[in-house]
Each structure stands twice: as C-alpha cells, then as structure tokens.
Amino acid sequence: PVVLGIESSCDETGAGLVRGGRLLGQALASSMDEHARYGGVVPEIAARAHLHALGPVVRAALTDAGLGLRDIGAVAVTTGPGLSGALQTGVAAAKSYAYALGVPLYGVHHLAGHVAADTLEHGPLPDPCVVLVVSGGHTSLLLVTDLAREPVVHLGDTVDDAAGECFDKVARVLGLPYPGGPAIDSAAREGDPRAIGFPRPMTGPRVDPYAFSFSGLKTAAARWAERHPDGHVPDAAASLQEAVADVLTAKAVAACRAHGVGTLVVVGGVAANSRVRALAEERCAAAGVALRVPGRALCTDNGAMIAAVGDLLVRAGADPAPPDVSIDPSAPLHHAALTPRTAVT
Ligand code: ATP
Ligand code: MG
Ligand code: FE
C-alpha cells in the first residue's frame, strides 16, 4: 500500500508518500520565519501553524506523487517526541485521514523517522549498522539491526544538550541569525577552524567512549564571545563547528570499530552540517567503514521519513496503533513504532 506519513513534532509540517521503500511524493511547510523574532520555536505558534498547514501539505504531497486521497493505504504519524501541541495537531489530522479512508494508522517515533530517512535515498539499512542521530533535541549513537522489528540499542547519548542545541545557542551569543545551525555552517566557511581551541568534551581515557556532552562547549563559546566583543565571528563559528564535528565523528567511527560494524549512518538536522559530513567521510574512509548520509533535505524534519517508517512497519506486519493512540512528548527511542494510549483518569 501507499503510506501517507505526517510529521508535526516541531516547526516543520511535513507529508510524504512512500510505497515499497520508494518515495513517491512529499511536501513541507515551515513556521520557522514566525519564530525568528523570538530566537526560538514558540510552541503555540508552531501548533497553530500546523493546523493551517496540514491539509494543504497533504494535498501538495499527493499532487507531487500524482496520487489522490483514495490511493492512500495506510497513515503513519509522529506521536513523539516533540512539542505536545504540535504533535497533537498532526495526530488529530492523521486519525481523521485514517478513519475517513478506512485504513490503518501507525504511530511513529520521530527519531526512527530520522533513521529511516536514509533508506529513501540509499535503500534498506545494512544489518547491523551504527547510526549517529544528531539533531536539534537529540544526540545518540545507536546500534540498529531491524528497525521495524527489533529494539534499537543505545550505545551512548548526550548527557546534557544536543549538538544542534549547542549550534543554535552559540549562534545567538555570536549574533548570528536564527536558526543557528545553518548560520554557523555558512559563517564557518570564512573562518579558521584552528583559530580557537575549544574543548573536545567527553573525550579522553576515563570517560564513557560513546556518551556526548555539549553544554560545556556552549559555555566555552559564550565566554569567548564575552571576552572578545570584537572577535572574528567566522573564526568562532569554524572553531566550534570543528570541535562538534571532531567529537561526533571520532566517537561514531570508534563505535563501528569496537562493534565490528561496517556501516555508519549519520542522520538528523546536524547531519546537514558541511564539516560533519566532510569529517565523517574522511574518517570512515580511513577506518574502512562505509558511510551513508542522506541529502540535506532528508536530514532535517520532513514527512517522507515518517512515511518511510510506516512503510517498514506495514511490510513487517506490525500491529497498527490503537484508535485511542496518544502522544508522548518525551519518549526515548526504543522501537520505531510509538503508540502510547490516552491515560484514563
Ligand atoms: P529532534 O529531531 O531532536 O526532535 P528537531 O526535529 O528540532 O529535533 P532536526 O529538524 O532534526 O531537529 O534538526 C534541526 C537542528 O539541526 C537544529 O538544531 C539546526 O540548527 C540543526 N541544523 C540544521 N542544518 C544545520 C547545519 N547545516 N549545520 C549545523 N546544524 C544544522
Ligand atoms: Mg525545524
Ligand atoms: Fe527532528
């Protein structure tokens, strides 16, 4: 069947259509510009924007695929993690489509979506593979076997901030525009990555080899900005980006080596970063590890990735979500399917 995927966990409203591992069409709307003046996502604005965008985005995805509503055979929706009001609008829309069309509904974990995004470009994931999920709210090193059937093993996670959060917050103190990650990426092009020796947190002999920490780096960058009010911002951006890319790729490649895994997959918004991509390529080549990174548009939030998980679940014969499926704004990733139920009070 054709699976309609709906994503609305943050400020992107996404719809995608996938069948048999193939992306048939997609559409995306973003309320990013509405949040820019506040310097970060405002939950109420995001939820209202989803409400307005969901119908048009689903129709645009169908048009993109050359399909009609009647062609949809299943619906998949992000049930968490994310902003609760934002998630709720997407889940309400997905339930309506599924009920009206008489097709099954699947609840999907947003991070499983980021992982599955890569399959739309590079085909089925090799079993096993190490996946570095690096996004606005998460930074995790995973051992993935069969995404639709098996639990995901966490090799390590961030103990504080996510890498994307670090980019976003440091961009603010450097006076770079919102959203910070892409702004740091472009400012870094004019800077010297060796100009400032920012720390490489959670590296060295006595720390968890696969855990991450980015809040100290954020503080170090803020302190640098305070001490150098007229400092060269591109140098700071390049040096910070180098520190983040260095830690991320070193740990990811080390995890592949230690587990004898031949493929590293890097996904999530920060996988769009130029230096993360280049350094991952360099280090994987040196270690004899195959690297898979989806194109930039598939790294950041989108509906296609949620449809991709739905398609995997359908083909694995997974049970659809119960009709009272709810949201879980802070669900950790254990399974690709996430189907919390409404609490009865
Ligand atoms: P999560 O997936 O953890 O719930 P999210 O959905 O908000 O969070 P994504 O959409 O996956 O996050 O990614 C957004 C993050 O990626 C932001 O922190 C953004 O700054 C960062 N990002 C996007 N492009 C780049 C880039 N080129 N360089 C660095 N960071 C980037
Ligand atoms: Mg976003
Ligand atoms: Fe995301």
# chains A, B, ... in the order shown; residues from 1 in each chain; ligands from 1

$ closest_atom_pairs --of "chain A" --to "ligand 2" --cutoff "10 Å" --atoms "only C-alpha atoms and all ligand atoms" --output "CSV"
residue,atom,partner,partner_atom_place_in_ligand_line,distance
A:Ser8,CA,ligand 2,1 (Mg),9.6
A:Ser9,CA,ligand 2,1 (Mg),8.8
A:Cys10,CA,ligand 2,1 (Mg),5.9
A:Asp11,CA,ligand 2,1 (Mg),5.0
A:Glu12,CA,ligand 2,1 (Mg),5.4
A:Thr13,CA,ligand 2,1 (Mg),9.1
A:Ser30,CA,ligand 2,1 (Mg),7.5
A:Ser31,CA,ligand 2,1 (Mg),8.5
A:Met32,CA,ligand 2,1 (Mg),7.0
A:Val41,CA,ligand 2,1 (Mg),8.5
A:Ser135,CA,ligand 2,1 (Mg),9.5
A:Gly136,CA,ligand 2,1 (Mg),7.8
A:Pro179,CA,ligand 2,1 (Mg),8.5
A:Gly269,CA,ligand 2,1 (Mg),8.0
A:Thr300,CA,ligand 2,1 (Mg),6.7
A:Asp301,CA,ligand 2,1 (Mg),6.0
A:Asn302,CA,ligand 2,1 (Mg),8.9

$ residues_near_ligand --ligand "ligand 1" --cutoff "9 Å" --atoms "only C-alpha atoms and all ligand atoms" --output "PyMOL selection string"
chain A and resi 9-12+41+80-83+110-111+113-114+133-139+162-169+171+178-186+241+267-276+296+299-302

$ closest_residue --among "A:Thr78, A:Gln88, A:Thr249, A:Ser96" --to "ligand 3" --atoms "only C-alpha atoms and all ligand atoms"
A:Thr78

$ residues_around --residues "Gly317 in chain A" --least-positions-apart "2" --cutoff "12 Å" --atoms "only C-alpha atoms" --output "MDAnalysis selection string"
chainID A and resid 104 106 148:149 310:315 319:320 337

$ atom_distance --atom1 "CA of Gly25 in chain A" --atom2 "CA of Ile72 in chain A"
12.2 Å

$ closest_residue --among "A:Leu125, A:Val57, A:Leu298, A:Ala76" --to "ligand 3" --atoms "only C-alpha atoms and all ligand atoms"
A:Leu298

$ closest_residue --among "A:Ala237, A:Ala316, A:Met305, A:Ala221" --to "Leu120 in chain A" --atoms "only C-alpha atoms"
A:Met305

$ select_by_dssp --residues "range 188-221 of chain A" --states "helix (DSSP H, G or I)" --output "list of chain:residue names"
A:Ala188, A:Ser215, A:Gly216, A:Leu217, A:Lys218, A:Thr219, A:Ala220, A:Ala221

$ write_last_selection --atoms "C-alpha atoms" --output "mmCIF file, in the first residue's frame"
data_model
loop_
_atom_site.group_PDB
_atom_site.id
_atom_site.type_symbol
_atom_site.label_atom_id
_atom_site.label_comp_id
_atom_site.auth_asym_id
_atom_site.auth_seq_id
_atom_site.Cartn_x
_atom_site.Cartn_y
_atom_site.Cartn_z
ATOM 1 C CA ALA A 188 32.358 28.952 9.301
ATOM 2 C CA SER A 215 26.746 22.227 27.318
ATOM 3 C CA GLY A 216 30.367 22.916 28.342
ATOM 4 C CA LEU A 217 31.197 23.741 24.741
ATOM 5 C CA LYS A 218 28.289 26.146 24.663
ATOM 6 C CA THR A 219 29.611 27.856 27.808
ATOM 7 C CA ALA A 220 33.144 27.987 26.403
ATOM 8 C CA ALA A 221 31.856 29.681 23.256
#

$ residues_around --residues "Gly85 in chain A" --least-positions-apart "6" --cutoff "9 Å" --atoms "only C-alpha atoms" --output "VMD selection string"
chain A and resid 9 43 to 44 46 to 48

$ atom_distance --atom1 "CA of Gly262 in chain A" --atom2 "CA of Ala290 in chain A"
6.0 Å

$ residues_around --residues "range 204-213 of chain A" --least-positions-apart "5" --cutoff "6 Å" --atoms "only C-alpha atoms" --output "ChimeraX atom specification"
/A:156-160,251

$ residues_around --residues "Arg59 in chain A" --least-positions-apart "5" --cutoff "12 Å" --atoms "only C-alpha atoms" --output "count of residues only"
21

$ atom_distance --atom1 "CA of Ala238 in chain A" --atom2 "CA of Arg283 in chain A"
18.7 Å

$ closest_residue --among "A:Pro1, A:Thr263, A:Pro234, A:Pro329" --to "Val144 in chain A" --atoms "only C-alpha atoms"
A:Thr263

$ residues_around --residues "Ala236 in chain A" --least-positions-apart "2" --cutoff "12 Å" --atoms "only C-alpha atoms" --output "ChimeraX atom specification"
/A:167,170-171,173-176,184-185,187-198,217-218,220-225,228-234,238-243

$ write_last_selection --atoms "N, CA and C atoms" --output "short mmCIF file (atom, residue, chain, number, x, y, z; two decimals), in the first residue's frame"
data_model
loop_
_atom_site.label_atom_id
_atom_site.label_comp_id
_atom_site.auth_asym_id
_atom_site.auth_seq_id
_atom_site.Cartn_x
_atom_site.Cartn_y
_atom_site.Cartn_z
N PHE A 167 24.72 24.38 18.63
CA PHE A 167 24.86 25.29 17.48
C PHE A 167 23.86 26.45 17.59
N VAL A 170 24.86 28.85 20.59
CA VAL A 170 26.10 29.60 20.35
C VAL A 170 25.87 30.63 19.25
N ALA A 171 25.09 30.29 18.25
CA ALA A 171 24.79 31.25 17.17
C ALA A 171 24.19 32.52 17.76
N VAL A 173 24.62 33.80 20.84
CA VAL A 173 25.59 34.64 21.53
C VAL A 173 26.59 35.27 20.55
N LEU A 174 26.75 34.66 19.38
CA LEU A 174 27.65 35.24 18.37
C LEU A 174 26.93 36.28 17.51
N GLY A 175 25.61 36.44 17.76
CA GLY A 175 24.85 37.41 16.99
C GLY A 175 24.50 36.94 15.59
N LEU A 176 24.53 35.62 15.38
CA LEU A 176 24.17 35.08 14.07
C LEU A 176 22.66 34.88 14.01
N ILE A 184 25.78 29.02 11.50
CA ILE A 184 27.15 28.68 11.89
C ILE A 184 27.87 28.02 10.72
N ASP A 185 27.16 27.13 10.05
CA ASP A 185 27.73 26.42 8.89
C ASP A 185 28.22 27.42 7.85
N ALA A 187 28.76 30.81 8.24
CA ALA A 187 29.78 31.72 8.77
C ALA A 187 31.14 31.02 8.83
N ALA A 188 31.11 29.72 9.14
CA ALA A 188 32.36 28.95 9.30
C ALA A 188 33.18 28.89 8.02
N ARG A 189 32.50 29.05 6.89
CA ARG A 189 33.21 28.99 5.61
C ARG A 189 34.27 30.07 5.47
N GLU A 190 34.06 31.20 6.16
CA GLU A 190 35.01 32.33 6.09
C GLU A 190 35.98 32.30 7.27
N GLY A 191 35.89 31.26 8.11
CA GLY A 191 36.70 31.27 9.33
C GLY A 191 37.78 30.20 9.35
N ASP A 192 38.65 30.32 10.38
CA ASP A 192 39.75 29.37 10.56
C ASP A 192 39.38 28.40 11.68
N PRO A 193 39.22 27.12 11.38
CA PRO A 193 38.80 26.15 12.39
C PRO A 193 39.84 25.93 13.49
N ARG A 194 41.09 26.40 13.26
CA ARG A 194 42.13 26.24 14.28
C ARG A 194 42.33 27.52 15.09
N ALA A 195 41.52 28.54 14.83
CA ALA A 195 41.71 29.83 15.50
C ALA A 195 41.52 29.75 17.01
N ILE A 196 40.51 29.03 17.45
CA ILE A 196 40.22 28.93 18.89
C ILE A 196 40.20 27.44 19.28
N GLY A 197 40.92 27.12 20.34
CA GLY A 197 40.99 25.73 20.77
C GLY A 197 39.86 25.36 21.72
N PHE A 198 38.66 25.24 21.19
CA PHE A 198 37.53 24.84 22.04
C PHE A 198 37.73 23.41 22.53
N LEU A 217 30.74 23.11 25.98
CA LEU A 217 31.20 23.74 24.74
C LEU A 217 30.43 25.04 24.49
N LYS A 218 29.15 24.97 24.79
CA LYS A 218 28.29 26.15 24.66
C LYS A 218 28.78 27.26 25.59
N ALA A 220 31.82 27.54 26.86
CA ALA A 220 33.14 27.99 26.40
C ALA A 220 33.00 29.01 25.28
N ALA A 221 32.07 28.76 24.38
CA ALA A 221 31.86 29.68 23.26
C ALA A 221 31.27 31.00 23.75
N ALA A 222 30.37 30.92 24.73
CA ALA A 222 29.77 32.13 25.29
C ALA A 222 30.84 32.97 25.99
N ARG A 223 31.73 32.29 26.72
CA ARG A 223 32.81 33.00 27.42
C ARG A 223 33.74 33.67 26.42
N TRP A 224 34.04 32.96 25.34
CA TRP A 224 34.90 33.54 24.29
C TRP A 224 34.25 34.82 23.74
N ALA A 225 32.94 34.75 23.50
CA ALA A 225 32.22 35.91 22.93
C ALA A 225 32.26 37.11 23.89
N HIS A 228 35.80 38.55 23.86
CA HIS A 228 36.22 39.10 22.56
C HIS A 228 35.04 39.74 21.86
N PRO A 229 34.55 40.88 22.42
CA PRO A 229 33.38 41.52 21.82
C PRO A 229 33.61 41.92 20.35
N ASP A 230 34.87 42.13 19.98
CA ASP A 230 35.16 42.45 18.57
C ASP A 230 35.86 41.29 17.87
N GLY A 231 35.72 40.10 18.43
CA GLY A 231 36.38 38.92 17.86
C GLY A 231 35.80 38.56 16.49
N HIS A 232 36.57 37.78 15.75
CA HIS A 232 36.17 37.38 14.40
C HIS A 232 35.14 36.25 14.49
N VAL A 233 33.89 36.57 14.27
CA VAL A 233 32.80 35.59 14.42
C VAL A 233 32.99 34.35 13.53
N PRO A 234 33.40 34.51 12.27
CA PRO A 234 33.63 33.31 11.45
C PRO A 234 34.65 32.34 12.06
N ALA A 238 33.74 28.56 12.93
CA ALA A 238 34.53 27.46 12.35
C ALA A 238 35.15 26.61 13.45
N SER A 239 35.64 27.25 14.51
CA SER A 239 36.28 26.51 15.60
C SER A 239 35.28 25.67 16.38
N LEU A 240 34.10 26.23 16.62
CA LEU A 240 33.06 25.49 17.31
C LEU A 240 32.61 24.29 16.46
N GLN A 241 32.37 24.56 15.19
CA GLN A 241 31.92 23.51 14.27
C GLN A 241 32.95 22.38 14.20
N GLU A 242 34.23 22.76 14.22
CA GLU A 242 35.30 21.76 14.18
C GLU A 242 35.26 20.89 15.44
N ALA A 243 35.06 21.52 16.60
CA ALA A 243 35.01 20.77 17.86
C ALA A 243 33.84 19.78 17.86
#

$ closest_residue --among "A:Leu24, A:His335, A:Ala287, A:Gly39" --to "Pro177 in chain A" --atoms "only C-alpha atoms"
A:Gly39

$ closest_residue --among "A:Val265, A:Val309, A:Val289, A:Gly40" --to "Ser140 in chain A" --atoms "only C-alpha atoms"
A:Val265
